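Asks: The structure follows.
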Amino acid sequence: MASRAVALRPAFGAALAAALIAAMTLGTAGAVALNAGAVMPGPADWAAVRFTLLQAALSAILSGLLAVPVARALARRRFPGRGFLITLMGAPFLLPVIVAVLGLLAVFGRAGIVNDGLGLIGVSPVSIYGLHGVVLAHVFLNLPLATRMLLMGWQAIPAERFRLAQSLGLTPGAQFRHLEWPMLRATLPGAVLTVFTICLASFAVALTLGGGPGATTVELAIYQALRFDFAPERAATLAALQFLLCLAALVAGWAVMRDAGFGTGLGRRIEMAAPRGWRMGLDWLTIGMAAAFLILPLAVLVARGLAGMDDLPSGMGGAILRSVLVALVSMLLTMGAALTLALAAARRAPGHRLFDLAATLPLAASSLVIGTGLFLALRGLASPSAMALPITVAVNATLALPYAYRLLLPEARALHQGQDRLAEALGMTRLAWLRWIVLPGLARPLGFGAGIAAALSMGDLGVITLFAAEGNATLPLFIHGLMGSYRMEAAAAASLILMGLSFGIFALCDGIGRHAAA
């Protein structure tokens, strides 16, 4: 029995997965570092670093500050559709960036409804391109994430604390100082740093709304160095700088994470006081403006996309098929590695701390940094176009791993504590253990994680831009080509299809997981 129980411990598979992840992150970073010494950063490179830090800082600060009143209003107001609106707050995380950009262009672009309105009153049109456009897009994408993080902070305050505040007759200002401000002081820095880290590695936004000497991020400079200048040594130098920036942001995020210190309650639903008067009006105004900011660009995009369906190019079918295949294969790789690492970490197998570290490493990388390292390591072995889809699959699978792993780990620990002793006592083989214990027990997080991994891969516009040719473009790259040709109606229609596919694959995977867990 004991020998068969040992067979249940997937340490070898976890070690293999960790080694592959290390090769994709630290290995590519090493390849970048080996080539970076040949070229020192120049004035344009340092300008790209400054712009990257500036746009990330502005985006993170604005997202965090705007999220505070939105999350507070949602925490203390109850209204029909509140649950749907909170669910909608999670949608931009899965929304393909190129779709979000097109939605913003439909509202704020040269032919958008804002400039149309300004033209009616004789005001000159405004341009969305440059620093303000990049920041606007990042706030659109990350305000919902920051709001959800802060809303969870409000919901984590035990209901008994709010009841005590009400019984003591505390004013809304006093309640904020004694209950809400300590929570914000603990959670807001983490939310801001999370958004900051995401914006550091944002590529598609800078590619479509940035550009030019004064609005070039490090990732965009890497793309330009490889794709247009063919200067791999300069690209390596920039990729090394980008890796250091992301690593520093990740370490800073770990340093500021701390508990608010409220202790535990009885698990009752939050019961915040909902003040009347001008505070109630301000809450409703905040909720309405946040909802309009999120919904209006997508609504305009849907309207324009439906109108442009007749203008879709004939070659889009191949791009759709490639995107779906890349998403499904990368999703399988992500979930296989995440499940193996989570099971090994839950059992505290030998090296489990290294497994946990390996699953976190991709947060310090980005698609362009990994892509640059792979380009430098594999050049001469095959043409970039031939490597485009396999490398895109590998990079997407690596970058989605931390999210899937964090979803699986708590459930894997609970499964280990509750079921594994029984499995070992019964002498289950590994296949039987997976079939009857692991897959049913982890079905819900497996389905949710698979949906996230597939949706993120569907909308990725990163490393594919370095390698793909016209004949093997994915759907996001195909849409970017339509935008470059100023076929905005066709791009909107293709974006509508991409958005539907992304959310459809996510809903399918999540639904399968929930059904299997029922």
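All residue names refer to the structure tokens as shown: chains lettered A, B, ... in order, residues numbered from 1 in each chain, ligands numbered from 1 in order.
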For Thr474 (chain A), find every residue with an atom within 12 Å (counting only C-alpha atoms), except residues of its own chain fewer than 3 positions away, and show them as a PyMOL selection string.

Replies: chain A and resi 315-327+388-389+392-393+457-465+467-471+477-481+494+498

Asks: Take the residues from that selection and write them out as a PDB file, in the first residue's frame, keeping C-alpha atoms.

Replies:
ATOM      1  CA  GLY A 315      -9.029  35.766 -45.056  1.00  0.00           C
ATOM      2  CA  MET A 316     -10.306  36.167 -41.511  1.00  0.00           C
ATOM      3  CA  GLY A 317     -11.405  32.538 -41.164  1.00  0.00           C
ATOM      4  CA  GLY A 318      -7.812  31.333 -40.980  1.00  0.00           C
ATOM      5  CA  ALA A 319      -6.980  33.923 -38.316  1.00  0.00           C
ATOM      6  CA  ILE A 320      -9.975  32.788 -36.237  1.00  0.00           C
ATOM      7  CA  LEU A 321      -8.952  29.138 -36.516  1.00  0.00           C
ATOM      8  CA  ARG A 322      -5.354  29.901 -35.525  1.00  0.00           C
ATOM      9  CA  SER A 323      -6.478  31.955 -32.526  1.00  0.00           C
ATOM     10  CA  VAL A 324      -8.813  29.221 -31.297  1.00  0.00           C
ATOM     11  CA  LEU A 325      -6.151  26.524 -31.706  1.00  0.00           C
ATOM     12  CA  VAL A 326      -3.510  28.635 -29.962  1.00  0.00           C
ATOM     13  CA  ALA A 327      -5.945  29.371 -27.122  1.00  0.00           C
ATOM     14  CA  ALA A 388       5.423  32.055 -34.595  1.00  0.00           C
ATOM     15  CA  LEU A 389       2.548  29.847 -33.459  1.00  0.00           C
ATOM     16  CA  THR A 392       2.984  32.071 -29.041  1.00  0.00           C
ATOM     17  CA  VAL A 393       1.452  28.957 -27.471  1.00  0.00           C
ATOM     18  CA  SER A 457      -4.608  33.682 -25.043  1.00  0.00           C
ATOM     19  CA  MET A 458      -7.424  34.477 -27.492  1.00  0.00           C
ATOM     20  CA  GLY A 459      -6.931  38.213 -27.024  1.00  0.00           C
ATOM     21  CA  ASP A 460      -3.143  38.301 -26.798  1.00  0.00           C
ATOM     22  CA  LEU A 461      -1.354  40.769 -29.052  1.00  0.00           C
ATOM     23  CA  GLY A 462       2.196  40.389 -27.821  1.00  0.00           C
ATOM     24  CA  VAL A 463       4.853  37.955 -28.930  1.00  0.00           C
ATOM     25  CA  ILE A 464       2.915  37.072 -32.095  1.00  0.00           C
ATOM     26  CA  THR A 465       3.812  40.525 -33.449  1.00  0.00           C
ATOM     27  CA  PHE A 467       7.296  36.395 -35.320  1.00  0.00           C
ATOM     28  CA  ALA A 468       4.117  36.197 -37.389  1.00  0.00           C
ATOM     29  CA  ALA A 469       3.918  36.882 -41.103  1.00  0.00           C
ATOM     30  CA  GLU A 470       0.770  37.817 -42.981  1.00  0.00           C
ATOM     31  CA  GLY A 471      -0.080  34.158 -43.625  1.00  0.00           C
ATOM     32  CA  LEU A 477      -2.971  40.683 -35.138  1.00  0.00           C
ATOM     33  CA  PHE A 478      -5.411  40.522 -38.063  1.00  0.00           C
ATOM     34  CA  ILE A 479      -7.520  43.236 -36.404  1.00  0.00           C
ATOM     35  CA  HIS A 480      -4.430  45.370 -35.868  1.00  0.00           C
ATOM     36  CA  GLY A 481      -3.690  45.064 -39.577  1.00  0.00           C
ATOM     37  CA  ALA A 494     -13.719  41.467 -36.316  1.00  0.00           C
ATOM     38  CA  LEU A 498     -13.024  38.196 -31.075  1.00  0.00           C
TER      39      LEU A 498
END

Asks: Within region 90-324 of chain A, find each residue whose DSSP state, derived from the backbone, is alpha helix (DSSP H), and express the selection as an mmCIF file with C-alpha atoms, in the first residue's frame.

Replies:
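This is the output file selection10.cif:
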data_model
loop_
_atom_site.group_PDB
_atom_site.id
_atom_site.type_symbol
_atom_site.label_atom_id
_atom_site.label_comp_id
_atom_site.auth_asym_id
_atom_site.auth_seq_id
_atom_site.Cartn_x
_atom_site.Cartn_y
_atom_site.Cartn_z
ATOM 1 C CA ALA A 91 -14.985 41.495 -17.715
ATOM 2 C CA PRO A 92 -12.145 43.884 -18.723
ATOM 3 C CA PHE A 93 -9.628 41.390 -17.301
ATOM 4 C CA LEU A 94 -10.743 38.941 -19.999
ATOM 5 C CA VAL A 97 -6.942 44.687 -25.278
ATOM 6 C CA ILE A 98 -7.309 45.391 -28.975
ATOM 7 C CA VAL A 99 -11.107 45.278 -28.520
ATOM 8 C CA ALA A 100 -10.941 47.737 -25.613
ATOM 9 C CA VAL A 101 -8.776 50.088 -27.668
ATOM 10 C CA LEU A 102 -11.217 49.977 -30.572
ATOM 11 C CA GLY A 103 -14.084 50.706 -28.193
ATOM 12 C CA LEU A 104 -12.256 53.750 -26.842
ATOM 13 C CA LEU A 105 -11.463 54.903 -30.384
ATOM 14 C CA ALA A 106 -15.159 54.626 -31.218
ATOM 15 C CA VAL A 107 -15.876 57.098 -28.405
ATOM 16 C CA PHE A 108 -12.766 59.300 -28.189
ATOM 17 C CA ILE A 113 -18.856 60.342 -30.769
ATOM 18 C CA VAL A 114 -16.979 62.783 -28.495
ATOM 19 C CA ASN A 115 -15.285 64.546 -31.410
ATOM 20 C CA ASP A 116 -18.540 64.439 -33.364
ATOM 21 C CA GLY A 117 -20.196 66.252 -30.472
ATOM 22 C CA LEU A 118 -17.372 68.780 -30.231
ATOM 23 C CA GLY A 119 -17.663 69.447 -33.951
ATOM 24 C CA LEU A 120 -21.344 70.294 -33.584
ATOM 25 C CA LEU A 131 0.367 59.724 -23.119
ATOM 26 C CA HIS A 132 -3.209 60.690 -22.286
ATOM 27 C CA GLY A 133 -4.602 58.026 -24.630
ATOM 28 C CA VAL A 134 -2.397 55.309 -23.154
ATOM 29 C CA VAL A 135 -3.404 56.306 -19.620
ATOM 30 C CA LEU A 136 -7.091 56.461 -20.579
ATOM 31 C CA ALA A 137 -6.969 52.945 -22.019
ATOM 32 C CA HIS A 138 -5.149 51.582 -18.980
ATOM 33 C CA VAL A 139 -7.657 53.158 -16.615
ATOM 34 C CA PHE A 140 -10.497 51.680 -18.671
ATOM 35 C CA LEU A 141 -8.921 48.222 -18.444
ATOM 36 C CA ASN A 142 -7.750 48.362 -14.826
ATOM 37 C CA LEU A 143 -10.287 50.500 -12.961
ATOM 38 C CA PRO A 144 -12.630 47.483 -12.703
ATOM 39 C CA LEU A 145 -9.809 45.318 -11.347
ATOM 40 C CA ALA A 146 -8.873 47.890 -8.707
ATOM 41 C CA THR A 147 -12.556 48.333 -7.824
ATOM 42 C CA ARG A 148 -13.018 44.590 -7.329
ATOM 43 C CA MET A 149 -9.921 44.390 -5.136
ATOM 44 C CA LEU A 150 -11.082 47.269 -2.935
ATOM 45 C CA LEU A 151 -14.656 45.963 -2.833
ATOM 46 C CA MET A 152 -13.334 42.669 -1.477
ATOM 47 C CA GLY A 153 -11.502 44.713 1.153
ATOM 48 C CA TRP A 154 -14.755 46.350 2.249
ATOM 49 C CA GLN A 155 -16.491 42.974 2.263
ATOM 50 C CA ALA A 156 -13.703 41.532 4.423
ATOM 51 C CA ALA A 159 -20.296 43.016 9.743
ATOM 52 C CA GLU A 160 -20.069 43.189 13.544
ATOM 53 C CA ARG A 161 -17.682 46.152 13.247
ATOM 54 C CA PHE A 162 -20.270 48.124 11.255
ATOM 55 C CA ARG A 163 -23.022 47.172 13.698
ATOM 56 C CA LEU A 164 -20.867 48.378 16.578
ATOM 57 C CA ALA A 165 -20.191 51.649 14.757
ATOM 58 C CA GLN A 166 -23.933 52.148 14.261
ATOM 59 C CA SER A 167 -24.725 51.370 17.892
ATOM 60 C CA PRO A 172 -20.020 58.439 8.293
ATOM 61 C CA GLY A 173 -16.769 60.402 8.619
ATOM 62 C CA ALA A 174 -15.862 58.735 11.919
ATOM 63 C CA GLN A 175 -16.772 55.323 10.526
ATOM 64 C CA TRP A 181 -9.358 53.959 6.235
ATOM 65 C CA PRO A 182 -7.330 51.176 7.958
ATOM 66 C CA MET A 183 -8.631 48.750 5.330
ATOM 67 C CA LEU A 184 -7.722 51.124 2.499
ATOM 68 C CA ARG A 185 -4.301 51.738 3.985
ATOM 69 C CA ALA A 186 -3.698 47.982 3.837
ATOM 70 C CA THR A 187 -5.289 47.148 0.463
ATOM 71 C CA LEU A 188 -4.992 50.265 -1.723
ATOM 72 C CA PRO A 189 -1.172 50.141 -2.105
ATOM 73 C CA GLY A 190 -1.427 46.519 -3.234
ATOM 74 C CA ALA A 191 -4.134 47.376 -5.762
ATOM 75 C CA VAL A 192 -2.130 50.316 -7.114
ATOM 76 C CA LEU A 193 1.033 48.228 -7.425
ATOM 77 C CA THR A 194 -0.885 45.436 -9.142
ATOM 78 C CA VAL A 195 -2.164 47.870 -11.771
ATOM 79 C CA PHE A 196 1.310 49.438 -12.018
ATOM 80 C CA THR A 197 2.858 46.020 -12.755
ATOM 81 C CA ILE A 198 0.221 45.248 -15.380
ATOM 82 C CA CYS A 199 0.774 48.605 -17.089
ATOM 83 C CA LEU A 200 4.541 48.125 -17.130
ATOM 84 C CA ALA A 204 -1.015 46.413 -27.271
ATOM 85 C CA VAL A 205 -2.148 49.729 -25.767
ATOM 86 C CA ALA A 206 1.178 51.414 -26.506
ATOM 87 C CA LEU A 207 1.282 49.853 -29.980
ATOM 88 C CA THR A 208 -2.098 51.291 -30.968
ATOM 89 C CA LEU A 209 -2.298 54.528 -28.966
ATOM 90 C CA VAL A 218 10.108 49.786 -23.399
ATOM 91 C CA GLU A 219 8.022 46.945 -24.846
ATOM 92 C CA LEU A 220 7.163 48.990 -27.912
ATOM 93 C CA ALA A 221 10.845 49.869 -28.323
ATOM 94 C CA ILE A 222 11.708 46.129 -28.174
ATOM 95 C CA TYR A 223 9.162 45.458 -30.917
ATOM 96 C CA GLN A 224 10.543 48.257 -33.078
ATOM 97 C CA ALA A 225 14.142 47.111 -32.564
ATOM 98 C CA LEU A 226 13.378 43.554 -33.671
ATOM 99 C CA ARG A 227 10.643 44.062 -36.232
ATOM 100 C CA PRO A 232 18.680 42.144 -31.657
ATOM 101 C CA GLU A 233 21.428 43.400 -29.332
ATOM 102 C CA ARG A 234 19.532 46.645 -28.656
ATOM 103 C CA ALA A 235 16.339 44.633 -28.195
ATOM 104 C CA ALA A 236 18.183 42.478 -25.649
ATOM 105 C CA THR A 237 19.291 45.569 -23.727
ATOM 106 C CA LEU A 238 15.738 46.874 -23.647
ATOM 107 C CA ALA A 239 14.367 43.468 -22.644
ATOM 108 C CA ALA A 240 16.832 43.332 -19.743
ATOM 109 C CA LEU A 241 15.624 46.748 -18.572
ATOM 110 C CA GLN A 242 12.004 45.633 -18.885
ATOM 111 C CA PHE A 243 12.654 42.456 -16.855
ATOM 112 C CA LEU A 244 14.296 44.480 -14.087
ATOM 113 C CA LEU A 245 11.379 46.924 -13.998
ATOM 114 C CA CYS A 246 8.794 44.131 -13.712
ATOM 115 C CA LEU A 247 10.873 42.278 -11.112
ATOM 116 C CA ALA A 248 11.229 45.423 -8.995
ATOM 117 C CA ALA A 249 7.469 46.047 -9.175
ATOM 118 C CA LEU A 250 6.748 42.443 -8.165
ATOM 119 C CA VAL A 251 9.089 42.639 -5.164
ATOM 120 C CA ALA A 252 7.557 45.966 -4.136
ATOM 121 C CA GLY A 253 4.100 44.395 -4.355
ATOM 122 C CA TRP A 254 5.109 41.622 -1.968
ATOM 123 C CA ALA A 255 6.618 44.168 0.415
ATOM 124 C CA VAL A 256 3.481 46.294 0.782
ATOM 125 C CA TRP A 278 -25.880 64.487 -0.656
ATOM 126 C CA ARG A 279 -23.860 61.343 0.105
ATOM 127 C CA MET A 280 -26.545 59.179 -1.466
ATOM 128 C CA GLY A 281 -26.616 61.400 -4.550
ATOM 129 C CA LEU A 282 -22.831 61.258 -4.802
ATOM 130 C CA ASP A 283 -22.881 57.453 -4.569
ATOM 131 C CA TRP A 284 -25.446 57.124 -7.351
ATOM 132 C CA LEU A 285 -23.526 59.599 -9.520
ATOM 133 C CA THR A 286 -20.305 57.634 -8.959
ATOM 134 C CA ILE A 287 -21.919 54.311 -9.826
ATOM 135 C CA GLY A 288 -23.613 55.782 -12.908
ATOM 136 C CA MET A 289 -20.437 57.405 -14.249
ATOM 137 C CA ALA A 290 -18.377 54.253 -13.675
ATOM 138 C CA ALA A 291 -20.992 52.125 -15.432
ATOM 139 C CA ALA A 292 -21.180 54.547 -18.362
ATOM 140 C CA PHE A 293 -17.374 54.674 -18.645
ATOM 141 C CA LEU A 294 -17.229 50.873 -18.878
ATOM 142 C CA ILE A 295 -20.322 50.181 -20.964
ATOM 143 C CA LEU A 296 -20.417 53.070 -23.479
ATOM 144 C CA PRO A 297 -17.236 52.165 -25.464
ATOM 145 C CA LEU A 298 -18.297 48.538 -25.743
ATOM 146 C CA ALA A 299 -21.856 49.479 -26.701
ATOM 147 C CA VAL A 300 -20.622 51.795 -29.469
ATOM 148 C CA LEU A 301 -18.191 49.105 -30.644
ATOM 149 C CA VAL A 302 -21.001 46.537 -30.801
ATOM 150 C CA ALA A 303 -23.155 48.920 -32.854
ATOM 151 C CA ARG A 304 -20.322 49.672 -35.297
ATOM 152 C CA GLY A 305 -19.265 46.034 -35.413
ATOM 153 C CA LEU A 306 -22.727 44.870 -36.384
ATOM 154 C CA ALA A 307 -22.845 47.528 -39.105
ATOM 155 C CA MET A 316 -10.306 36.167 -41.511
ATOM 156 C CA GLY A 317 -11.405 32.538 -41.164
ATOM 157 C CA GLY A 318 -7.812 31.333 -40.980
ATOM 158 C CA ALA A 319 -6.980 33.923 -38.316
ATOM 159 C CA ILE A 320 -9.975 32.788 -36.237
ATOM 160 C CA LEU A 321 -8.952 29.138 -36.516
ATOM 161 C CA ARG A 322 -5.354 29.901 -35.525
ATOM 162 C CA SER A 323 -6.478 31.955 -32.526
ATOM 163 C CA VAL A 324 -8.813 29.221 -31.297
#

Asks: At a cut-off of 6 Å, using only C-alpha atoms, what residues contact region 398-408 of chain A? Leave out same-chain residues fewer than 6 positions from it and give the result as a list in words.

Replies: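 Skipping anything fewer than 6 positions along the chain leaves Thr334, Ala338, Ala359, Thr360, Pro362, Pro445, Gly449 and Ala453 of chain A.
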
Asks: Output the selection as a short mmCIF file (atom, residue, chain, number, x, y, z; two decimals), in the first residue's frame - C-alpha atoms for each residue.

Replies:
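Saved to selection_13.cif:
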data_model
loop_
_atom_site.label_atom_id
_atom_site.label_comp_id
_atom_site.auth_asym_id
_atom_site.auth_seq_id
_atom_site.Cartn_x
_atom_site.Cartn_y
_atom_site.Cartn_z
CA THR A 334 -1.32 26.03 -18.56
CA ALA A 338 -0.76 24.51 -12.81
CA ALA A 359 4.62 29.36 -10.61
CA THR A 360 5.13 33.00 -9.59
CA PRO A 362 6.05 34.61 -14.98
CA PRO A 445 -11.31 26.02 -10.21
CA GLY A 449 -8.82 28.75 -14.61
CA ALA A 453 -6.18 30.99 -19.67
#

Asks: Pick the closest to Phe203 (chain A) from A:Leu439, A:Ala358, A:Ala56, A:Leu378: which is it, counting only C-alpha atoms?

Replies: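 Counting only C-alpha atoms, the residue closest to Phe203 (chain A) is A:Ala56.
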
Asks: Between A:Leu368, A:Leu446, A:Ala73, A:Ser495, which is the closest to Pro476 (chain A) once you count only C-alpha atoms?

Replies: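 Comparing A:Leu368, A:Leu446, A:Ala73, A:Ser495 against Pro476 (chain A), the winner is A:Ser495.
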
Asks: Just give me the gap between CA of Gly308 (chain A) and CA of Phe84 (chain A) in Å, one decimal is fine.

Replies: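 A separation of 28.5 Å between them.
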
Asks: Hey, which of A:Ala490, A:Leu466, A:Ala377, A:Met483 ends up closest to Leu34 (chain A)? Count only C-alpha atoms.

Replies: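 Closest candidate: A:Ala377.
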